Amino acid sequence: MPRRKHKGGGRRSLYRRLRAWWIRLGLVCLVILGAWVSWIDHRLRVQFDGYRWSLPARVYARPFELYPGRPLHRAEIIGELGVLGYQEAPLIRRPGQYQQTSNAVRLFSHGYRFWDGEESSRVVEIRLHQGRVQAIIDRRNGTQVALMRLEPLEIARIYPHHNEDRILVKIDDVPSRLVQGLIASEDKSYLHHFGIDPLAIGRAFIENLRAGEVRQGGSTLTQQLVKNLFLSSERTLWRKINEAVMAVLLEWHYSKAEILEAYINEIFLGQDGFRAIHGFGLGARFYFGRPLRELEVHELALLVGLVRGASYYDPRRHPKRALERRNQVLALMINRGALTPAVGGALMKLPLTLSKKNRSATSNHPAFVDLVRRQLGIIYDDEDLRNEGLQIFTTLDPQIQRRAEQALRVSLSELERQRRMHAGHLQGAVVAAAIDTGEVLALAGGRDPRYAGFNRALDAKRPVGSLVKPAVYLAALSQPSRYNLITPLYDNPIVLRERNRTPWTPQNYDKRYRGRMPLMRALAESNNVATVRLGLDLGIDKLQRTLAQLGVSGEIPPYPSTFLGAIEMSPLEVAQMYQTLSSGGFYSALRAIRDVLTKDGQPLQRYGLTVKQVLPAAPAYLINHALTQVVRSGTASSLGAKLPRSMPLAGKTGTTDGLRDSWFVGFGSDVLAAVWLGADDNRPIGLTGASGAMRVWYEVMKERPPAPLDLAVPRGVEWQWVDAPGMARTTPSCPGSRRYPFITPFIPSRHAPCDWRQESDYARAPREFLW
Amino acid sequence: MAALVDVGAPIQPWNALTAAAESEGAGISAAPAASMVSPAVAALLRLARSQADAGHGEQAAATLERALRIEPRNPWLWHRLAVLRLQQGYWDRAAELAKKSSVLARDHRRLLTGNLEVIQAARARISRSNVE
């Protein structure tokens with residue numbers, strides 16, 4: 001017995017020992033499990049709380065302003081509405097639609113939040129009359145609208161490195177039909193489960209067993225979110241367990257609304273080239289071109305259907321499949337009671353209403369966006385630009401930009417054909433800017449507007465040729481006691497001898513000499529010899545100083561050839577120089593950005609308007625007047641001939657040695673544009689400023705020319721009738737007398753009778769100059 | 001208006017300037033007659049004033065710049081922006097904007113005087129801050 005007892009006791013102690021081991025093991029496991037869960041819990045909360053959607057920066061063009069009196073052709077407003085995705089409709093029912101009548105355009109605008117305030121959505125009638133907006137009538141209350149602006153066109157995005165794109169939406173702004181659709185289609189018990197849905201898992205298990213393959217996941221919305229946010233997509237049991245635990249924990253800590261909001265912003269809804277479309281906010285834009293809140297039920301149902309397989313059900317590639325899937329979702333909504341069978345049935349009969357797909361390029365105008373990025377890069381680092389969802393409002397005028405791109409493309413091919421160059425030899429760049437504010441309106445960096453490589457507008461530094469001459473003449477006119485517009489200059493042979501350099505004989509373009517001529521004529525005809533003589537009289541230091549004042553920042557070579565433009569500048573720098581000139585001597589740094597908002601629309605930064613008077617107004621006025629003569633009767637007269645006489649414009653041609661560079665800058669009172677043509681390998685192109693760049697300029701500007709140059713006569717300037725060769729005052733009735741502006745008090749003092757004409761005493765100018 | 005020239009006196013606030021502007025024949029900042037500006041610019045001037053009154057100086061500046069894009073050669077708008085910048089303490093900017101206004105103002109006496117006063121006030125502030 002004792003033995004037995006002993007035996008039995010031994011068994012019991014073994015059992016006890018085993019049990020103790022088991023308990024210990026269990027405890028250890030529990031501790032490990034607890035530690036694991038709490039670690040997951042901790043990580044989950046940190047990640048979810050701190051989760052920040054990386055949002056690409058969005059770059060916008062200037063908004064289109066509408067106000068009575070604005071010059072506006074119907075084609076311009078229709079073009080603008082077109083690129084903004086407005087659709088013409090027989091009846092305007094929702095934002096984003098427009099309608100045309102014989103003398104007006106009616107539209108329902110989207111509201112928009114700008115830096116300086118909210119622009120509300122409205123229904124207006126824009127009455128057009130003789131190329132202008134006659135009136136804008138609010139169709140809801142019949143009142144006149146003083147001004148309004150359309151939402152700005154998005155021109156580019158600066159993406160996160162993983163190329164995810166989304167537009168965040170708040171759960172309160174999500175249409176309830178979308179939520180109903182999602183629940184009906186993806187997770188029927190979402191509002192009641194605790195993260196996982198054992199019944200759904202059971203159903204899926206049975207279904208999969210029956211089918212012999214994995215058909216249903218049984219995943220809840222919460223599980224899908226956890227998987228997308230935190231886990232890899234591998235299909236292992238371990239990941240499944242992780243997912244379930246995390247889903248339960250997520251539900252424990254966060255409300256159903258918070259989880260749903262995250263889901264709605266995270267879910268993958270399509271691929272657009274390299275760009276991944278995430279979230280319903282962007283999905284609505286991508287497929288329908290409208291904000292989520294404006295979508296109708298069948299459109300929401302289509303988006304919900306994409307959750308199951310965005311590429312399989314891609315409505316643009318597989319419209320039939322997508323339509324069937326949409327109708328399945330609608331049917332599920334009817335089953336759930338979210339739609340009445342009658343309404344749901346009617347919706348099922350509707351066709352797909354997709355918008356046209358926008359170009360998927362990162363940027364539609366890479367050369368301009370390049371300038372934007374360089375100007376932003378001064379303040380923001382690359383990561384912030386890519387991830388923080390900044391909204392960047394630029395100065396781009398898409399209509400001028402489009403014309404600039406088109407002009408380069410078409411005119412360059414045409415020139416190549418006419419001049420028998422091989423195709424692709426010519427390159428070019430265009431910069432257009434608003435004169436008084438320094439805003440860059442358009443910028444093209446080459447013939448191919450989508451090419452994001454070498455940006456000639458910013459980086460091609462080329463000799464500017466005669467474009468430098470206005471600076472030489474400005475330096476002269478800044479000494480009004482010595483020079484005015486009729487001061488005689490001398491165009492006769494000259495040899496320049498510099499130490500250690502071969503003698504240089506500057507010549508005119510046509511190799512002829514014209515003798516004595518008034519200063520203004522020498523500039524208008526772009527006379528080289530007279531300009532070099534004038535420059536030598538002034539001294540190179542005066543030109544250097546004047547160029548620096550005009551905003552030319554590079555080094556200016558101290559040689560006489562600089563007077564003829566042996567100085568390299570990019571088209572943007574040229575535009576800057578002429579901005580200062582054309583604005584009457586007020587330098588405004590050329591800007592491509594107006595303001596920057598955070599992703600929530602909070603103002604972050606403004607690039608306000610600044611001006612700095614760098615030149616006295618009087619000589620600047622004289623130079624601008626002289627530049628109108630370039631177009632009227634000088635080297636750009638073929639342009640002047642195409643313009644109505646009543647529309648004075650100013651401009652300057654530039655051509656470099658061997659016809660390698662062809663330049664033209666032209667301006668009215670509001671807009672200037674600088675055009676460069678040349679070859680990337682610097683070989684001759686056989687074009688002068690007038691035969692090349694000026695033609696492109698005209699193509700850019702002909703549809704909507706700059707406002708006529710109406711120069712405000714500044715104080716200290718007086719117009720006077722004079723006999724230019726005689727340097728004497730006359731009366732208007734005298735033959736040959738003309739009016740010129742002079743800087744007071746330096747007006748010719750001598751009066752001359754009409755028949756008086758001094759014998760042209762050809763003052764002998766020195767023939768040689770020792771530099 | 002000698003007060004503005006005297007550097008010790010406070011800079012005239014926006015509303016005093018515009019109030020003066022609206023009472024006929026008064027003050028340095030007398031506004032253009034209603035017929036001289038378009039309804040769009042008039043609306044923006046009103047908006048800018050209410051923004052400035054509410055203490056949103058930068059928004060007011062943005063609104064004035066919007067008006068300047070519509071009428072870039074309107075000297076009144078440049079003057080208004082100059083006065084606003086002066087109130088914000090951007091002396092350099094204010095003076096330059098006033099110069100721009102003056103070049104465009106041709107022979108408009110009141111505007112020229114107003115701009116001169118902005119320039120003098122700005123210069124006085126600049127030289128005072130240099131001394132301090």
# chains A, B, ... in the order shown; residues from 1 in each chain; ligands from 1
$ interface_residues --of "chain A" --to "chain B" --cutoff "7 Å" --atoms "only C-alpha atoms" --output "number ranges by chain"
A: 67, 116, 146-147, 436, 610-613, 617, 712-715
$ select_by_dssp --residues "range 369-585 of chain A" --states "helix (DSSP H, G or I)" --output "JSON, numbers by chain"
{"A": [369, 370, 371, 372, 373, 374, 375, 376, 377, 382, 383, 384, 385, 386, 387, 398, 399, 400, 401, 402, 403, 404, 405, 406, 407, 408, 409, 410, 411, 412, 413, 414, 415, 416, 417, 418, 456, 457, 458, 459, 465, 466, 467, 468, 469, 470, 471, 472, 473, 474, 475, 476, 477, 519, 520, 521, 522, 523, 524, 528, 529, 530, 531, 532, 533, 534, 535, 536, 537, 538, 540, 541, 542, 543, 544, 545, 546, 547, 548, 549, 560, 561, 562, 563, 564, 571, 572, 573, 574, 575, 576, 577, 578, 579, 580, 581, 582]}
$ residues_around --residues "Met348 in chain A" --least-positions-apart "5" --cutoff "12 Å" --atoms "only C-alpha atoms" --output "list in words"
Val297, His298, Glu299, Ala301, Leu302, Ala322, Leu323, Glu324, Arg325, Arg326, Asn327, Gln328, Val329, Leu330, Ala331, Leu332, Met333, Ile334, Leu339, Pro341, Ala342 and Val343 of chain A
$ write_last_selection --atoms "C-alpha atoms" --output "PDB file, in the first residue's frame"
ATOM      1  CA  VAL A 297     -25.139  58.819 -55.618  1.00  0.00           C
ATOM      2  CA  HIS A 298     -24.335  56.707 -58.673  1.00  0.00           C
ATOM      3  CA  GLU A 299     -20.947  58.433 -58.924  1.00  0.00           C
ATOM      4  CA  ALA A 301     -21.229  54.118 -55.861  1.00  0.00           C
ATOM      5  CA  LEU A 302     -18.699  53.865 -58.673  1.00  0.00           C
ATOM      6  CA  ALA A 322     -17.021  49.317 -63.820  1.00  0.00           C
ATOM      7  CA  LEU A 323     -20.679  49.855 -64.628  1.00  0.00           C
ATOM      8  CA  GLU A 324     -21.584  46.354 -63.451  1.00  0.00           C
ATOM      9  CA  ARG A 325     -19.618  46.834 -60.268  1.00  0.00           C
ATOM     10  CA  ARG A 326     -21.278  50.212 -59.671  1.00  0.00           C
ATOM     11  CA  ASN A 327     -24.686  48.615 -60.047  1.00  0.00           C
ATOM     12  CA  GLN A 328     -23.702  45.833 -57.622  1.00  0.00           C
ATOM     13  CA  VAL A 329     -22.909  48.524 -55.059  1.00  0.00           C
ATOM     14  CA  LEU A 330     -26.218  50.250 -55.757  1.00  0.00           C
ATOM     15  CA  ALA A 331     -27.996  46.905 -55.337  1.00  0.00           C
ATOM     16  CA  LEU A 332     -26.274  46.356 -52.007  1.00  0.00           C
ATOM     17  CA  MET A 333     -27.390  49.821 -50.942  1.00  0.00           C
ATOM     18  CA  ILE A 334     -30.969  48.951 -51.877  1.00  0.00           C
ATOM     19  CA  LEU A 339     -31.872  53.521 -51.296  1.00  0.00           C
ATOM     20  CA  PRO A 341     -35.676  50.230 -55.059  1.00  0.00           C
ATOM     21  CA  ALA A 342     -37.255  52.858 -57.300  1.00  0.00           C
ATOM     22  CA  VAL A 343     -34.445  55.402 -56.864  1.00  0.00           C
TER      23      VAL A 343
END
$ residues_around --residues "Leu221 in chain A" --least-positions-apart "3" --cutoff "10 Å" --atoms "only C-alpha atoms" --output "VMD selection string"
chain A and resid 182 to 183 186 to 190 195 to 196 218 224 to 227 247 259 to 260 263 to 264
$ residues_around --residues "Met148 in chain A" --least-positions-apart "4" --cutoff "12 Å" --atoms "only C-alpha atoms" --output "PyMOL selection string"
(chain A and resi 63-68+70+109-112+118-126+135-138+144) or (chain B and resi 39-41+43-44+66)
$ write_last_selection --atoms "N, CA and C atoms" --output "PDB file, in the first residue's frame"
ATOM      1  N   PRO A  63      -5.814  83.196 -60.449  1.00  0.00           N
ATOM      2  CA  PRO A  63      -7.237  83.015 -60.726  1.00  0.00           C
ATOM      3  C   PRO A  63      -7.689  83.984 -61.816  1.00  0.00           C
ATOM      4  N   PHE A  64      -8.700  83.583 -62.539  1.00  0.00           N
ATOM      5  CA  PHE A  64      -9.227  84.410 -63.628  1.00  0.00           C
ATOM      6  C   PHE A  64     -10.175  85.441 -63.021  1.00  0.00           C
ATOM      7  N   GLU A  65      -9.857  86.709 -63.218  1.00  0.00           N
ATOM      8  CA  GLU A  65     -10.685  87.776 -62.643  1.00  0.00           C
ATOM      9  C   GLU A  65     -11.731  88.222 -63.653  1.00  0.00           C
ATOM     10  N   LEU A  66     -12.927  88.444 -63.161  1.00  0.00           N
ATOM     11  CA  LEU A  66     -14.008  88.929 -64.025  1.00  0.00           C
ATOM     12  C   LEU A  66     -14.577  90.197 -63.420  1.00  0.00           C
ATOM     13  N   TYR A  67     -14.648  91.253 -64.218  1.00  0.00           N
ATOM     14  CA  TYR A  67     -15.256  92.499 -63.737  1.00  0.00           C
ATOM     15  C   TYR A  67     -15.705  93.326 -64.934  1.00  0.00           C
ATOM     16  N   PRO A  68     -16.719  94.143 -64.734  1.00  0.00           N
ATOM     17  CA  PRO A  68     -17.196  94.956 -65.844  1.00  0.00           C
ATOM     18  C   PRO A  68     -16.067  95.839 -66.359  1.00  0.00           C
ATOM     19  N   ARG A  70     -13.573  94.736 -68.176  1.00  0.00           N
ATOM     20  CA  ARG A  70     -12.410  93.933 -68.521  1.00  0.00           C
ATOM     21  C   ARG A  70     -12.450  93.553 -70.005  1.00  0.00           C
ATOM     22  N   SER A 109     -20.205  78.995 -60.499  1.00  0.00           N
ATOM     23  CA  SER A 109     -18.802  78.856 -60.090  1.00  0.00           C
ATOM     24  C   SER A 109     -18.686  77.982 -58.849  1.00  0.00           C
ATOM     25  N   HIS A 110     -17.523  77.391 -58.690  1.00  0.00           N
ATOM     26  CA  HIS A 110     -17.193  76.713 -57.438  1.00  0.00           C
ATOM     27  C   HIS A 110     -16.709  77.797 -56.472  1.00  0.00           C
ATOM     28  N   GLY A 111     -16.984  77.669 -55.233  1.00  0.00           N
ATOM     29  CA  GLY A 111     -16.384  78.606 -54.282  1.00  0.00           C
ATOM     30  C   GLY A 111     -14.909  78.268 -54.118  1.00  0.00           C
ATOM     31  N   TYR A 112     -14.154  79.204 -53.524  1.00  0.00           N
ATOM     32  CA  TYR A 112     -12.743  78.914 -53.314  1.00  0.00           C
ATOM     33  C   TYR A 112     -12.182  79.778 -52.206  1.00  0.00           C
ATOM     34  N   GLU A 118     -12.467  84.360 -48.725  1.00  0.00           N
ATOM     35  CA  GLU A 118     -13.257  83.330 -49.377  1.00  0.00           C
ATOM     36  C   GLU A 118     -13.955  83.918 -50.607  1.00  0.00           C
ATOM     37  N   GLU A 119     -13.965  83.174 -51.681  1.00  0.00           N
ATOM     38  CA  GLU A 119     -14.739  83.555 -52.871  1.00  0.00           C
ATOM     39  C   GLU A 119     -15.914  82.599 -52.904  1.00  0.00           C
ATOM     40  N   SER A 120     -17.137  83.142 -52.798  1.00  0.00           N
ATOM     41  CA  SER A 120     -18.255  82.208 -52.678  1.00  0.00           C
ATOM     42  C   SER A 120     -18.689  81.698 -54.051  1.00  0.00           C
ATOM     43  N   SER A 121     -19.358  80.555 -54.001  1.00  0.00           N
ATOM     44  CA  SER A 121     -19.875  79.952 -55.225  1.00  0.00           C
ATOM     45  C   SER A 121     -21.104  80.740 -55.663  1.00  0.00           C
ATOM     46  N   ARG A 122     -21.198  81.047 -56.957  1.00  0.00           N
ATOM     47  CA  ARG A 122     -22.408  81.737 -57.401  1.00  0.00           C
ATOM     48  C   ARG A 122     -22.777  81.438 -58.847  1.00  0.00           C
ATOM     49  N   VAL A 123     -24.022  81.813 -59.133  1.00  0.00           N
ATOM     50  CA  VAL A 123     -24.523  81.660 -60.493  1.00  0.00           C
ATOM     51  C   VAL A 123     -24.572  83.050 -61.097  1.00  0.00           C
ATOM     52  N   VAL A 124     -23.818  83.256 -62.160  1.00  0.00           N
ATOM     53  CA  VAL A 124     -23.773  84.607 -62.726  1.00  0.00           C
ATOM     54  C   VAL A 124     -23.962  84.571 -64.238  1.00  0.00           C
ATOM     55  N   GLU A 125     -24.367  85.713 -64.734  1.00  0.00           N
ATOM     56  CA  GLU A 125     -24.425  85.901 -66.183  1.00  0.00           C
ATOM     57  C   GLU A 125     -23.400  86.959 -66.532  1.00  0.00           C
ATOM     58  N   ILE A 126     -22.462  86.610 -67.406  1.00  0.00           N
ATOM     59  CA  ILE A 126     -21.431  87.564 -67.818  1.00  0.00           C
ATOM     60  C   ILE A 126     -21.801  88.082 -69.193  1.00  0.00           C
ATOM     61  N   ALA A 135     -21.363  93.649 -68.142  1.00  0.00           N
ATOM     62  CA  ALA A 135     -21.926  93.570 -66.791  1.00  0.00           C
ATOM     63  C   ALA A 135     -21.884  92.128 -66.329  1.00  0.00           C
ATOM     64  N   ILE A 136     -21.864  91.959 -65.015  1.00  0.00           N
ATOM     65  CA  ILE A 136     -21.968  90.624 -64.426  1.00  0.00           C
ATOM     66  C   ILE A 136     -23.187  90.654 -63.507  1.00  0.00           C
ATOM     67  N   ILE A 137     -24.140  89.774 -63.790  1.00  0.00           N
ATOM     68  CA  ILE A 137     -25.383  89.784 -63.024  1.00  0.00           C
ATOM     69  C   ILE A 137     -25.462  88.499 -62.200  1.00  0.00           C
ATOM     70  N   ASP A 138     -25.726  88.657 -60.901  1.00  0.00           N
ATOM     71  CA  ASP A 138     -25.957  87.502 -60.041  1.00  0.00           C
ATOM     72  C   ASP A 138     -27.357  86.971 -60.339  1.00  0.00           C
ATOM     73  N   GLN A 144     -25.909  93.445 -59.531  1.00  0.00           N
ATOM     74  CA  GLN A 144     -24.691  93.550 -60.333  1.00  0.00           C
ATOM     75  C   GLN A 144     -23.506  93.121 -59.473  1.00  0.00           C
TER      76      GLN A 144
ATOM     77  N   PRO B  39     -15.914 100.167 -60.906  1.00  0.00           N
ATOM     78  CA  PRO B  39     -16.617  99.553 -59.766  1.00  0.00           C
ATOM     79  C   PRO B  39     -15.783  98.449 -59.126  1.00  0.00           C
ATOM     80  N   ALA B  40     -15.027  97.705 -59.946  1.00  0.00           N
ATOM     81  CA  ALA B  40     -14.224  96.613 -59.392  1.00  0.00           C
ATOM     82  C   ALA B  40     -13.182  97.167 -58.427  1.00  0.00           C
ATOM     83  N   VAL B  41     -12.485  98.228 -58.853  1.00  0.00           N
ATOM     84  CA  VAL B  41     -11.451  98.801 -57.997  1.00  0.00           C
ATOM     85  C   VAL B  41     -12.079  99.467 -56.776  1.00  0.00           C
ATOM     86  N   ALA B  43     -14.751  98.519 -55.272  1.00  0.00           N
ATOM     87  CA  ALA B  43     -15.111  97.436 -54.348  1.00  0.00           C
ATOM     88  C   ALA B  43     -13.876  96.928 -53.609  1.00  0.00           C
ATOM     89  N   LEU B  44     -12.780  96.827 -54.308  1.00  0.00           N
ATOM     90  CA  LEU B  44     -11.555  96.339 -53.664  1.00  0.00           C
ATOM     91  C   LEU B  44     -11.028  97.356 -52.655  1.00  0.00           C
ATOM     92  N   ARG B  66      -4.332  93.226 -55.638  1.00  0.00           N
ATOM     93  CA  ARG B  66      -5.299  92.701 -56.607  1.00  0.00           C
ATOM     94  C   ARG B  66      -5.870  93.857 -57.431  1.00  0.00           C
TER      95      ARG B  66
END
$ select_by_dssp --residues "range 363-398 of chain A" --states "strand (DSSP E or B)" --output "ChimeraX atom specification"
/A:363,388,391-394
$ write_last_selection --atoms "N, CA, C and O atoms" --output "compact mmCIF listing (two decimals), in the first residue's frame"
# COMPACT_ATOMS: atom_id res chain seq x y z
N SER A 363 3.76 68.11 -64.15
CA SER A 363 3.53 69.52 -64.33
C SER A 363 3.19 69.77 -65.78
O SER A 363 3.77 69.19 -66.68
N GLU A 388 4.03 68.34 -47.23
CA GLU A 388 3.19 69.12 -46.33
C GLU A 388 1.90 69.63 -46.95
O GLU A 388 1.14 70.33 -46.32
N GLN A 391 -0.13 74.83 -50.46
CA GLN A 391 -0.84 75.33 -51.65
C GLN A 391 -0.09 76.57 -52.12
O GLN A 391 0.01 77.55 -51.38
N ILE A 392 0.43 76.48 -53.33
CA ILE A 392 1.29 77.55 -53.82
C ILE A 392 0.58 78.29 -54.93
O ILE A 392 0.24 77.69 -55.97
N PHE A 393 0.33 79.56 -54.71
CA PHE A 393 -0.40 80.35 -55.70
C PHE A 393 0.60 81.16 -56.50
O PHE A 393 1.34 81.97 -55.94
N THR A 394 0.62 80.92 -57.79
CA THR A 394 1.63 81.55 -58.62
C THR A 394 1.01 82.66 -59.46
O THR A 394 -0.19 82.93 -59.40
$ closest_residue --among "A:Lys240, A:Arg409, A:Arg501, A:Arg738" --to "Gly424 in chain A" --atoms "only C-alpha atoms"
A:Arg409
$ residues_around --residues "range 595-602 of chain A" --least-positions-apart "3" --cutoff "12 Å" --atoms "only C-alpha atoms" --output "PyMOL selection string"
(chain A and resi 52-62+112-118+166-170+372+375-376+379-380+384-385+387-395+591-592+605-609) or (chain B and resi 58-59+62)
$ closest_residue --among "A:Val174, A:Ala452, A:Leu643, A:Leu709" --to "Ala257 in chain A" --atoms "only C-alpha atoms"
A:Val174
$ residues_around --residues "Gln399 in chain A" --least-positions-apart "3" --cutoff "9 Å" --atoms "only C-alpha atoms" --output "mmCIF file with N, CA, C and O atoms, in the first residue's frame"
data_model
loop_
_atom_site.group_PDB
_atom_site.id
_atom_site.type_symbol
_atom_site.label_atom_id
_atom_site.label_comp_id
_atom_site.auth_asym_id
_atom_site.auth_seq_id
_atom_site.Cartn_x
_atom_site.Cartn_y
_atom_site.Cartn_z
ATOM 1 N N GLU A 76 -11.882 83.518 -74.811
ATOM 2 C CA GLU A 76 -11.002 83.493 -73.638
ATOM 3 C C GLU A 76 -11.717 82.903 -72.423
ATOM 4 O O GLU A 76 -11.168 82.070 -71.707
ATOM 5 N N GLY A 79 -12.383 79.254 -73.025
ATOM 6 C CA GLY A 79 -11.133 78.512 -72.890
ATOM 7 C C GLY A 79 -10.780 78.301 -71.429
ATOM 8 O O GLY A 79 -10.380 77.214 -71.009
ATOM 9 N N GLU A 80 -10.934 79.354 -70.646
ATOM 10 C CA GLU A 80 -10.610 79.260 -69.219
ATOM 11 C C GLU A 80 -11.528 78.249 -68.525
ATOM 12 O O GLU A 80 -11.081 77.411 -67.751
ATOM 13 N N LEU A 396 1.241 82.677 -62.804
ATOM 14 C CA LEU A 396 1.120 82.207 -64.189
ATOM 15 C C LEU A 396 -0.231 82.559 -64.802
ATOM 16 O O LEU A 396 -1.269 82.334 -64.197
ATOM 17 N N ARG A 402 0.020 79.394 -72.755
ATOM 18 C CA ARG A 402 -0.360 78.526 -73.870
ATOM 19 C C ARG A 402 0.079 79.161 -75.195
ATOM 20 O O ARG A 402 0.639 78.500 -76.069
ATOM 21 N N ARG A 403 -0.139 80.474 -75.329
ATOM 22 C CA ARG A 403 0.238 81.132 -76.582
ATOM 23 C C ARG A 403 1.752 81.140 -76.763
ATOM 24 O O ARG A 403 2.253 80.997 -77.882
ATOM 25 N N ALA A 404 2.482 81.306 -75.655
ATOM 26 C CA ALA A 404 3.940 81.319 -75.753
ATOM 27 C C ALA A 404 4.451 79.946 -76.202
ATOM 28 O O ALA A 404 5.310 79.837 -77.074
ATOM 29 N N ALA A 442 4.258 84.219 -67.921
ATOM 30 C CA ALA A 442 4.463 83.017 -68.712
ATOM 31 C C ALA A 442 5.959 82.812 -68.872
ATOM 32 O O ALA A 442 6.721 83.779 -68.870
#
